[in-house]
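What follows is one structure encoded as structure tokens, with my remarks underneath.
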Number of protein chains: 2
Amino acid sequence: MKVIFAAYDPQPQRWTNLIAEQLPDAEIIVWEPGMAPTGADYALVWQPAEALFEAERQLKAVFNLGAGIDGLLRLRNLPPALPVVRLEDAGMSVQMAEYVAYHVIGASRDMDLYRSQQADSQWKIHRPIKRSEWPVGVLGLGHIGKRVAQTLAGLEYPVHGWARTAHDIEGVRCHAGQAELDTFLQSTRVLVNTLPLTDETRDLIDYRLLGRLRPGAMLINVGRGEHLVDEDLIRALAEGHVTRAVLDVFRQEPLPGEHPFWRTPGLTITPHISARTLRDATVEQICGKIRALEAGQQVSGVVDLGRGY
Amino acid sequence: MKVIFAAYDPQPQRWTNLIAEQLPDAEIIVWEPGMAPTGADYALVWQPAEALFEAERQLKAVFNLGAGIDGLLRLRNLPPALPVVRLEDAGMSVQMAEYVAYHVIGASRDMDLYRSQQADSQWKIHRPIKRSEWPVGVLGLGHIGKRVAQTLAGLEYPVHGWARTAHDIEGVRCHAGQAELDTFLQSTRVLVNTLPLTDETRDLIDYRLLGRLRPGAMLINVGRGEHLVDEDLIRALAEGHVTRAVLDVFRQEPLPGEHPFWRTPGLTITPHISARTLRDATVEQICGKIRALEAGQQVSGVVDLGRGY
């Protein structure tokens with residue numbers, strides 16, 4: 001069995017050593033554009049070049065090294081019958097939940113204010129949190145959105161969730177489909193985006209949508225940069241309906257130095273670190289699935305290419 | 001029935017109006033030093049003067065408006081037979097849990113580093129979190145400590161707990177008594193103090209104790225200032241064994257402007273805001289207990305004065 005690794009890690013042996021431990025009988029190849037076809041059975045990929053699928057025509061499945069598979073779907077030559085398997089959790093959802101919780105707590109508990117008071121040796125107590133003033137709405141209720149919603153519900157914030165289809169999550173008021181989107185938005189002050197990027201969700205977070213949130217709104221985008229219309233967020237912040245936003249993903253990454261986001265008040269910017277692919281858990285999950293496929297079993301996480309996630 | 005309120009709130013009617021709603025038949029008196037004895041049945045207090053117990057000799061119970069009752073126990077004339085009832089949770093433990101979670105996440109996920117990078121428009125990704133490098137140890141496993149421990153265990157941090165007596169909390173490795181304190185400390189990198197202040201716990205967090213924590217240690221003190229030997233923390237930070245500390249409570253509050261803590265690198269200082277007494281939930285809990293006592297029932301939260309909490 002041949003397995004190729006195609007993810008542009010400057011130290012690919014950090015991955016291939018782990019794969020070799022899990023699949024001792026496999027030949028493991030670090031794929032590079034221009035390489036002769038290897039006849040590989042499986043590929044582990046992150047945002048691969050189209051050349052990969054030109055060269056490798058015997059793949060039985062391709063494993064995405066992340067939850068979002070938009071980097072694969074935008075290729076023009078992804079074979080439609082090739083099973084694409086997304087990464088399921090593998091330590092991502094807890095990272096996302098704690099990233100979001102950190103920023104919600106920071107806002108609702110005035111942590112920035114106390115930080116700046118400390119810089120002035122100032123002891124001043126502000127009014128305590130009223131959780132009812134901080135309803136959180138989570139867009140997308142997959143592995144990640146669900147974990148985010150549950151974590152905030154566990155901290156007793158009022159939590160709403162929205163997804164294309166109906167969900168039932170304890171402690172979370174779930175809304176489904178276009179028909180219930182407005183109700184969801186009007187119930188929400190802190191909007192957390194965990195949606196997959198599809199043609200339906202691209203540019204979803206625009207001026208109109210932000211305007212439906214409760215006043216003093218806050219946006220936390222841990223989905224994809226393409227979900228957000230950048231200039232609409234800047235306008236909503238300038239007008240004051242949205243008072244702060246935390247962005248971890250951007251249309252272009254790294255975020256170019258000249259992008260106005262760097263200089264927009266109320267914005268917190270992090271370099272796509274809200275949930276990192278953890279090598280150990282990831283390799284273990286994918287190699288387990290390869291062994292299952294080789295044994296003729298079904299595996300979970302196979303993407304519905306029509307739906308887009 | 002007469003109920004007195006003795007807590008030095010500049011707007012005591014914010015409390016007495018709520019009490020009147022809950023106990024419509026009671027006479028509610030805002031107590032002040034020098035006032036003639038009222039013959040009150042119950043008192044709601046926070047750090048009351050000794051004069052209260054000189055004047056009011058018919059009290060059936062005293063209700064503390066917080067979890068820690070050290071402010072009552074230090075009085076020389078607290079009648080030994082008078083039932084003292086501490087506040088049980090009333091929205092405190094979730095506040096404490098999120099305060100602690102915020103600071104643990106901030107440290108383990110390099111949030112300060114990303115904040116300072118943003119100020120320089122810098123996009124730089126640091127290595128992902130390894131949760132195994134951030135074992136948390138919670139001192140004290142009452143309502144508050146338990147909630148703190150469970151919240152961090154829910155975020156998949158390794159969590160240890162220590163208390164005077166044995167506890168059993170899912171997802172938390174519990175240690176008990178002096179004999180197991182060292183094992184607990186040696187397993188801990190982030191030490192969270194939620195202990196009650198008693199003669200046994202005063203000055204517990206000293207240079208020796210801090211030295212037993214894992215290297216790169218962090219202290220989060222949400223208990224009482226008297227638990228910590230201030231100069232020992234400053235020494236441990238200067239020597240580098242402890243790399244950061246988050247302090248919400250101090251021996252003198254407000255923390256005096258000349259205290260070296262204000263100028264110690266690695267310290268985060270907040271003005272005793274980790275858990276605030278929430279009026280609605282507090283009054284509801286206490287008035288419910290007054291009704292129960294009047295009906296001849298037992299109530300929970302009665303302090304063991306010998307034990308001190």
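Naming works like this for the structure tokens: A, B, ... for the chains as they're shown, residue 1 at the start of each chain, ligands 1 onward in shown order.
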Could you list, as a list in words, every residue within 10 Å of Ala90 in chain B, counting only C-alpha atoms and ignoring same-chain residues fewer than 5 positions away?
Gly66, Ala67, Arg276, Thr277, Leu278, Arg279, Asp280, Ala281, Thr282, Val283, Glu284, Gln285 and Ile286 of chain B
Would you list the contacts of Val104 in chain A as a ChimeraX atom specification, taking every protein, DNA or RNA residue within 10 Å and counting only C-alpha atoms, but skipping same-chain residues closer than 4 positions in sequence?
/A:98-100,108-110,134,136,152,157,190,192,218-220,246 /B:98,102
DSSP on the backbone: which residues in range 86-226 of chain B end up as alpha helix (DSSP H)? Give the answer as a compact mmCIF listing (two decimals) with all heavy atoms, in the first residue's frame.
```txt
# COMPACT_ATOMS: atom_id res chain seq x y z
N MET B 92 -22.30 32.48 41.83
CA MET B 92 -20.89 32.78 42.08
C MET B 92 -19.96 31.78 41.38
O MET B 92 -18.94 32.15 40.82
CB MET B 92 -20.57 32.72 43.57
CG MET B 92 -21.49 33.51 44.47
SD MET B 92 -20.94 35.20 44.76
CE MET B 92 -19.54 34.94 45.85
N SER B 93 -20.30 30.49 41.45
CA SER B 93 -19.33 29.49 40.99
C SER B 93 -19.12 29.56 39.49
O SER B 93 -18.00 29.38 39.01
CB SER B 93 -19.75 28.08 41.44
OG SER B 93 -20.91 27.68 40.74
N VAL B 94 -20.17 29.86 38.74
CA VAL B 94 -19.98 29.94 37.28
C VAL B 94 -19.12 31.16 36.93
O VAL B 94 -18.28 31.10 36.02
CB VAL B 94 -21.33 29.94 36.53
CG1 VAL B 94 -22.16 31.17 36.85
CG2 VAL B 94 -21.10 29.84 35.02
N GLN B 95 -19.30 32.24 37.66
CA GLN B 95 -18.44 33.42 37.42
C GLN B 95 -16.98 33.08 37.69
O GLN B 95 -16.08 33.47 36.95
CB GLN B 95 -18.82 34.57 38.34
CG GLN B 95 -20.17 35.20 38.10
CD GLN B 95 -20.41 36.32 39.10
OE1 GLN B 95 -19.78 37.38 39.05
NE2 GLN B 95 -21.30 36.10 40.05
N MET B 96 -16.75 32.38 38.80
CA MET B 96 -15.39 32.01 39.17
C MET B 96 -14.79 31.07 38.12
O MET B 96 -13.64 31.21 37.74
CB MET B 96 -15.45 31.32 40.53
CG MET B 96 -14.22 31.42 41.35
SD MET B 96 -13.95 33.10 41.95
CE MET B 96 -14.45 32.94 43.66
N ALA B 97 -15.62 30.12 37.68
CA ALA B 97 -15.14 29.16 36.68
C ALA B 97 -14.75 29.86 35.40
O ALA B 97 -13.72 29.57 34.79
CB ALA B 97 -16.21 28.09 36.41
N GLU B 98 -15.55 30.84 34.97
CA GLU B 98 -15.21 31.48 33.70
C GLU B 98 -14.03 32.43 33.87
O GLU B 98 -13.22 32.57 32.96
CB GLU B 98 -16.42 32.14 33.04
CG GLU B 98 -16.93 33.36 33.70
CD GLU B 98 -18.17 33.94 32.98
OE1 GLU B 98 -18.62 33.38 31.96
OE2 GLU B 98 -18.67 34.97 33.45
N TYR B 99 -13.93 33.05 35.04
CA TYR B 99 -12.76 33.92 35.30
C TYR B 99 -11.47 33.09 35.22
O TYR B 99 -10.50 33.47 34.57
CB TYR B 99 -12.90 34.55 36.68
CG TYR B 99 -11.75 35.42 37.12
CD1 TYR B 99 -11.77 36.80 36.94
CD2 TYR B 99 -10.62 34.86 37.73
CE1 TYR B 99 -10.71 37.60 37.34
CE2 TYR B 99 -9.55 35.65 38.13
CZ TYR B 99 -9.61 37.02 37.93
OH TYR B 99 -8.54 37.79 38.33
N VAL B 100 -11.48 31.93 35.87
CA VAL B 100 -10.29 31.07 35.86
C VAL B 100 -10.04 30.53 34.45
O VAL B 100 -8.91 30.54 33.96
CB VAL B 100 -10.44 29.93 36.89
CG1 VAL B 100 -9.32 28.92 36.74
CG2 VAL B 100 -10.49 30.48 38.31
N ALA B 101 -11.10 30.06 33.78
CA ALA B 101 -10.95 29.52 32.43
C ALA B 101 -10.34 30.57 31.50
O ALA B 101 -9.43 30.28 30.72
CB ALA B 101 -12.29 29.04 31.88
N TYR B 102 -10.82 31.80 31.62
CA TYR B 102 -10.29 32.89 30.77
C TYR B 102 -8.77 33.00 30.92
O TYR B 102 -8.05 33.08 29.92
CB TYR B 102 -10.96 34.21 31.16
CG TYR B 102 -10.43 35.41 30.41
CD1 TYR B 102 -10.93 35.74 29.16
CD2 TYR B 102 -9.44 36.21 30.96
CE1 TYR B 102 -10.45 36.84 28.46
CE2 TYR B 102 -8.95 37.32 30.27
CZ TYR B 102 -9.46 37.63 29.04
OH TYR B 102 -8.97 38.72 28.35
N HIS B 103 -8.30 32.96 32.15
CA HIS B 103 -6.87 33.16 32.37
C HIS B 103 -6.05 31.92 32.02
O HIS B 103 -4.92 32.04 31.55
CB HIS B 103 -6.62 33.66 33.80
CG HIS B 103 -7.13 35.05 34.01
ND1 HIS B 103 -6.54 36.15 33.44
CD2 HIS B 103 -8.22 35.52 34.66
CE1 HIS B 103 -7.22 37.24 33.77
NE2 HIS B 103 -8.25 36.89 34.50
N VAL B 104 -6.61 30.74 32.22
CA VAL B 104 -5.89 29.52 31.82
C VAL B 104 -5.78 29.46 30.29
O VAL B 104 -4.71 29.20 29.73
CB VAL B 104 -6.59 28.25 32.37
CG1 VAL B 104 -5.94 27.00 31.81
CG2 VAL B 104 -6.54 28.23 33.89
N ILE B 105 -6.88 29.72 29.61
CA ILE B 105 -6.87 29.71 28.14
C ILE B 105 -5.90 30.79 27.63
O ILE B 105 -5.10 30.54 26.74
CB ILE B 105 -8.28 29.95 27.57
CG1 ILE B 105 -9.26 28.86 28.00
CG2 ILE B 105 -8.24 30.04 26.04
CD1 ILE B 105 -10.73 29.19 27.74
N GLY B 106 -5.99 31.97 28.23
CA GLY B 106 -5.11 33.06 27.81
C GLY B 106 -3.65 32.65 27.86
O GLY B 106 -2.88 32.95 26.94
N ALA B 107 -3.26 31.94 28.91
CA ALA B 107 -1.87 31.52 29.07
C ALA B 107 -1.53 30.37 28.12
O ALA B 107 -0.54 30.41 27.39
CB ALA B 107 -1.61 31.10 30.52
N SER B 108 -2.36 29.34 28.10
CA SER B 108 -2.01 28.14 27.34
C SER B 108 -2.10 28.38 25.84
O SER B 108 -1.44 27.70 25.07
CB SER B 108 -2.92 26.97 27.74
OG SER B 108 -4.23 27.15 27.23
N MET B 111 -2.51 34.03 24.20
CA MET B 111 -3.36 35.13 23.77
C MET B 111 -2.68 36.50 23.92
O MET B 111 -2.90 37.39 23.10
CB MET B 111 -4.69 35.11 24.52
CG MET B 111 -5.58 33.91 24.17
SD MET B 111 -6.06 33.84 22.41
CE MET B 111 -7.28 32.50 22.49
N ASP B 112 -1.85 36.66 24.96
CA ASP B 112 -1.16 37.94 25.12
C ASP B 112 -0.19 38.17 23.96
O ASP B 112 -0.03 39.29 23.47
CB ASP B 112 -0.37 37.97 26.44
CG ASP B 112 -1.28 38.09 27.64
OD1 ASP B 112 -2.48 38.38 27.46
OD2 ASP B 112 -0.79 37.89 28.77
N LEU B 113 0.46 37.08 23.56
CA LEU B 113 1.43 37.17 22.46
C LEU B 113 0.72 37.60 21.17
O LEU B 113 1.17 38.50 20.45
CB LEU B 113 2.07 35.79 22.30
CG LEU B 113 3.22 35.60 21.35
CD1 LEU B 113 4.35 36.56 21.65
CD2 LEU B 113 3.74 34.15 21.46
N TYR B 114 -0.42 36.97 20.89
CA TYR B 114 -1.16 37.34 19.67
C TYR B 114 -1.70 38.76 19.76
O TYR B 114 -1.76 39.47 18.76
CB TYR B 114 -2.28 36.31 19.39
CG TYR B 114 -1.73 34.98 18.91
CD1 TYR B 114 -1.92 33.81 19.65
CD2 TYR B 114 -1.00 34.90 17.74
CE1 TYR B 114 -1.40 32.59 19.22
CE2 TYR B 114 -0.47 33.69 17.30
CZ TYR B 114 -0.68 32.53 18.04
OH TYR B 114 -0.14 31.34 17.61
N ARG B 115 -2.06 39.18 20.97
CA ARG B 115 -2.53 40.56 21.15
C ARG B 115 -1.42 41.55 20.82
O ARG B 115 -1.65 42.55 20.14
CB ARG B 115 -3.02 40.74 22.59
CG ARG B 115 -3.81 42.00 22.85
CD ARG B 115 -4.33 42.04 24.29
NE ARG B 115 -5.41 41.10 24.52
CZ ARG B 115 -5.39 40.08 25.36
NH1 ARG B 115 -4.32 39.84 26.10
NH2 ARG B 115 -6.41 39.27 25.48
N SER B 116 -0.22 41.25 21.30
CA SER B 116 0.86 42.21 21.04
C SER B 116 1.30 42.14 19.57
O SER B 116 1.69 43.14 18.99
CB SER B 116 2.04 41.98 21.99
OG SER B 116 2.63 40.74 21.74
N GLN B 117 1.19 40.96 18.95
CA GLN B 117 1.50 40.88 17.52
C GLN B 117 0.54 41.74 16.70
O GLN B 117 0.95 42.38 15.74
CB GLN B 117 1.39 39.42 17.03
CG GLN B 117 2.55 38.58 17.45
CD GLN B 117 2.52 37.17 16.85
OE1 GLN B 117 3.31 36.34 17.26
NE2 GLN B 117 1.63 36.89 15.92
N GLN B 118 -0.73 41.71 17.08
CA GLN B 118 -1.71 42.51 16.33
C GLN B 118 -1.33 43.99 16.37
O GLN B 118 -1.47 44.70 15.37
CB GLN B 118 -3.11 42.30 16.90
CG GLN B 118 -4.16 43.13 16.13
CD GLN B 118 -5.57 43.02 16.71
OE1 GLN B 118 -5.84 42.17 17.54
NE2 GLN B 118 -6.45 43.88 16.24
N ALA B 119 -0.86 44.44 17.53
CA ALA B 119 -0.48 45.85 17.66
C ALA B 119 0.62 46.21 16.66
O ALA B 119 0.74 47.37 16.25
CB ALA B 119 -0.03 46.14 19.09
N HIS B 143 -18.24 24.18 46.47
CA HIS B 143 -19.04 24.56 45.30
C HIS B 143 -18.18 25.18 44.20
O HIS B 143 -18.27 24.84 43.04
CB HIS B 143 -20.07 25.64 45.68
CG HIS B 143 -21.32 25.10 46.27
ND1 HIS B 143 -22.21 24.34 45.54
CD2 HIS B 143 -21.86 25.23 47.51
CE1 HIS B 143 -23.23 24.03 46.32
NE2 HIS B 143 -23.04 24.54 47.52
N ILE B 144 -17.35 26.14 44.63
CA ILE B 144 -16.61 26.94 43.65
C ILE B 144 -15.47 26.13 43.05
O ILE B 144 -15.32 26.05 41.83
CB ILE B 144 -16.10 28.24 44.33
CG1 ILE B 144 -17.31 29.18 44.53
CG2 ILE B 144 -15.01 28.90 43.51
CD1 ILE B 144 -17.01 30.41 45.36
N GLY B 145 -14.66 25.51 43.90
CA GLY B 145 -13.53 24.74 43.39
C GLY B 145 -13.98 23.62 42.46
O GLY B 145 -13.37 23.35 41.43
N LYS B 146 -15.07 22.98 42.83
CA LYS B 146 -15.59 21.88 42.01
C LYS B 146 -16.00 22.38 40.63
O LYS B 146 -15.67 21.77 39.61
CB LYS B 146 -16.79 21.24 42.73
CG LYS B 146 -17.33 20.02 42.05
CD LYS B 146 -18.51 19.42 42.82
CE LYS B 146 -19.12 18.27 42.04
NZ LYS B 146 -20.35 17.78 42.66
N ARG B 147 -16.69 23.51 40.61
CA ARG B 147 -17.13 24.05 39.32
C ARG B 147 -15.94 24.47 38.46
O ARG B 147 -15.92 24.26 37.25
CB ARG B 147 -18.06 25.24 39.56
CG ARG B 147 -18.64 25.90 38.32
CD ARG B 147 -19.74 25.05 37.72
NE ARG B 147 -20.37 25.65 36.57
CZ ARG B 147 -21.58 26.22 36.55
NH1 ARG B 147 -22.29 26.28 37.66
NH2 ARG B 147 -22.08 26.72 35.44
N VAL B 148 -14.94 25.08 39.09
CA VAL B 148 -13.72 25.46 38.37
C VAL B 148 -13.07 24.22 37.77
O VAL B 148 -12.71 24.17 36.59
CB VAL B 148 -12.73 26.19 39.31
CG1 VAL B 148 -11.36 26.32 38.67
CG2 VAL B 148 -13.28 27.57 39.72
N ALA B 149 -12.92 23.18 38.59
CA ALA B 149 -12.26 21.95 38.15
C ALA B 149 -13.03 21.30 37.01
O ALA B 149 -12.45 20.87 36.00
CB ALA B 149 -12.12 20.98 39.33
N GLN B 150 -14.34 21.23 37.14
CA GLN B 150 -15.15 20.59 36.10
C GLN B 150 -15.11 21.37 34.79
O GLN B 150 -15.09 20.78 33.71
CB GLN B 150 -16.60 20.47 36.58
CG GLN B 150 -16.79 19.37 37.62
CD GLN B 150 -18.19 19.36 38.20
OE1 GLN B 150 -18.78 20.42 38.42
NE2 GLN B 150 -18.70 18.18 38.48
N THR B 151 -15.10 22.68 34.90
CA THR B 151 -15.05 23.50 33.67
C THR B 151 -13.75 23.26 32.92
O THR B 151 -13.75 23.08 31.70
CB THR B 151 -15.21 24.99 34.04
OG1 THR B 151 -16.49 25.17 34.65
CG2 THR B 151 -15.12 25.88 32.81
N LEU B 152 -12.64 23.23 33.64
CA LEU B 152 -11.36 23.02 32.96
C LEU B 152 -11.22 21.59 32.47
O LEU B 152 -10.64 21.35 31.40
CB LEU B 152 -10.21 23.41 33.89
CG LEU B 152 -10.16 24.92 34.12
CD1 LEU B 152 -9.27 25.27 35.29
CD2 LEU B 152 -9.69 25.65 32.87
N ALA B 153 -11.78 20.63 33.20
CA ALA B 153 -11.77 19.24 32.72
C ALA B 153 -12.60 19.14 31.44
O ALA B 153 -12.23 18.41 30.51
CB ALA B 153 -12.31 18.30 33.80
N GLY B 154 -13.70 19.89 31.36
CA GLY B 154 -14.52 19.91 30.16
C GLY B 154 -13.77 20.46 28.96
O GLY B 154 -14.08 20.12 27.82
N LEU B 181 -0.68 16.50 49.75
CA LEU B 181 -0.52 17.86 49.19
C LEU B 181 0.68 17.93 48.24
O LEU B 181 0.59 18.52 47.17
CB LEU B 181 -0.38 18.88 50.34
CG LEU B 181 -0.25 20.35 49.93
CD1 LEU B 181 -1.44 20.81 49.10
CD2 LEU B 181 -0.10 21.25 51.16
N ASP B 182 1.79 17.30 48.62
CA ASP B 182 2.97 17.39 47.77
C ASP B 182 2.75 16.72 46.42
O ASP B 182 3.16 17.24 45.38
CB ASP B 182 4.18 16.77 48.47
CG ASP B 182 4.95 17.83 49.27
OD1 ASP B 182 4.47 18.97 49.34
OD2 ASP B 182 6.03 17.50 49.79
N THR B 183 2.12 15.56 46.41
CA THR B 183 1.82 14.89 45.14
C THR B 183 0.97 15.79 44.26
O THR B 183 1.19 15.90 43.05
CB THR B 183 1.03 13.58 45.41
OG1 THR B 183 1.68 12.89 46.45
CG2 THR B 183 0.93 12.74 44.16
N PHE B 184 -0.03 16.40 44.88
CA PHE B 184 -0.90 17.34 44.16
C PHE B 184 -0.06 18.48 43.56
O PHE B 184 -0.20 18.79 42.37
CB PHE B 184 -1.95 17.88 45.14
CG PHE B 184 -2.66 19.11 44.66
CD1 PHE B 184 -3.72 19.00 43.76
CD2 PHE B 184 -2.28 20.37 45.10
CE1 PHE B 184 -4.38 20.15 43.32
CE2 PHE B 184 -2.94 21.51 44.66
CZ PHE B 184 -3.99 21.40 43.77
N LEU B 185 0.81 19.08 44.36
CA LEU B 185 1.57 20.23 43.87
C LEU B 185 2.51 19.83 42.74
O LEU B 185 2.67 20.54 41.76
CB LEU B 185 2.38 20.85 45.02
CG LEU B 185 1.54 21.48 46.14
CD1 LEU B 185 2.43 21.83 47.34
CD2 LEU B 185 0.79 22.72 45.65
N GLN B 186 3.13 18.66 42.90
CA GLN B 186 4.08 18.21 41.88
C GLN B 186 3.40 17.84 40.57
O GLN B 186 4.04 17.74 39.52
CB GLN B 186 4.89 17.03 42.41
CG GLN B 186 5.94 17.48 43.43
CD GLN B 186 6.36 16.37 44.38
OE1 GLN B 186 6.07 15.19 44.15
NE2 GLN B 186 7.05 16.74 45.44
N TYR B 207 6.71 30.47 49.58
CA TYR B 207 7.82 30.18 48.67
C TYR B 207 8.03 28.67 48.50
O TYR B 207 8.22 28.17 47.39
CB TYR B 207 9.09 30.83 49.21
CG TYR B 207 10.28 30.68 48.29
CD1 TYR B 207 10.39 31.46 47.14
CD2 TYR B 207 11.29 29.76 48.59
CE1 TYR B 207 11.47 31.31 46.30
CE2 TYR B 207 12.37 29.62 47.75
CZ TYR B 207 12.46 30.40 46.61
OH TYR B 207 13.54 30.24 45.77
N ARG B 208 7.94 27.95 49.61
CA ARG B 208 8.14 26.51 49.57
C ARG B 208 7.06 25.84 48.72
O ARG B 208 7.34 24.99 47.87
CB ARG B 208 8.08 25.96 51.00
CG ARG B 208 8.38 24.48 51.10
CD ARG B 208 8.12 23.93 52.51
NE ARG B 208 7.81 22.51 52.43
CZ ARG B 208 6.65 22.01 52.04
NH1 ARG B 208 5.67 22.80 51.66
NH2 ARG B 208 6.48 20.69 51.99
N LEU B 209 5.80 26.22 48.93
CA LEU B 209 4.70 25.62 48.17
C LEU B 209 4.84 25.94 46.69
O LEU B 209 4.72 25.06 45.83
CB LEU B 209 3.36 26.10 48.72
CG LEU B 209 2.12 25.54 48.00
CD1 LEU B 209 1.00 25.28 49.00
CD2 LEU B 209 1.61 26.46 46.90
N LEU B 210 5.12 27.20 46.37
CA LEU B 210 5.24 27.58 44.96
C LEU B 210 6.37 26.81 44.29
O LEU B 210 6.29 26.45 43.12
CB LEU B 210 5.47 29.09 44.84
CG LEU B 210 4.28 29.98 45.26
CD1 LEU B 210 4.71 31.45 45.35
CD2 LEU B 210 3.11 29.83 44.29
N GLY B 211 7.43 26.54 45.06
CA GLY B 211 8.59 25.82 44.52
C GLY B 211 8.30 24.37 44.17
O GLY B 211 9.05 23.76 43.42
N ARG B 212 7.23 23.82 44.72
CA ARG B 212 6.89 22.42 44.42
C ARG B 212 6.09 22.28 43.13
O ARG B 212 5.88 21.17 42.65
CB ARG B 212 6.07 21.81 45.55
CG ARG B 212 6.72 22.01 46.89
CD ARG B 212 6.88 20.76 47.66
NE ARG B 212 8.02 20.97 48.55
CZ ARG B 212 8.57 20.03 49.30
NH1 ARG B 212 8.09 18.81 49.26
NH2 ARG B 212 9.61 20.29 50.05
```
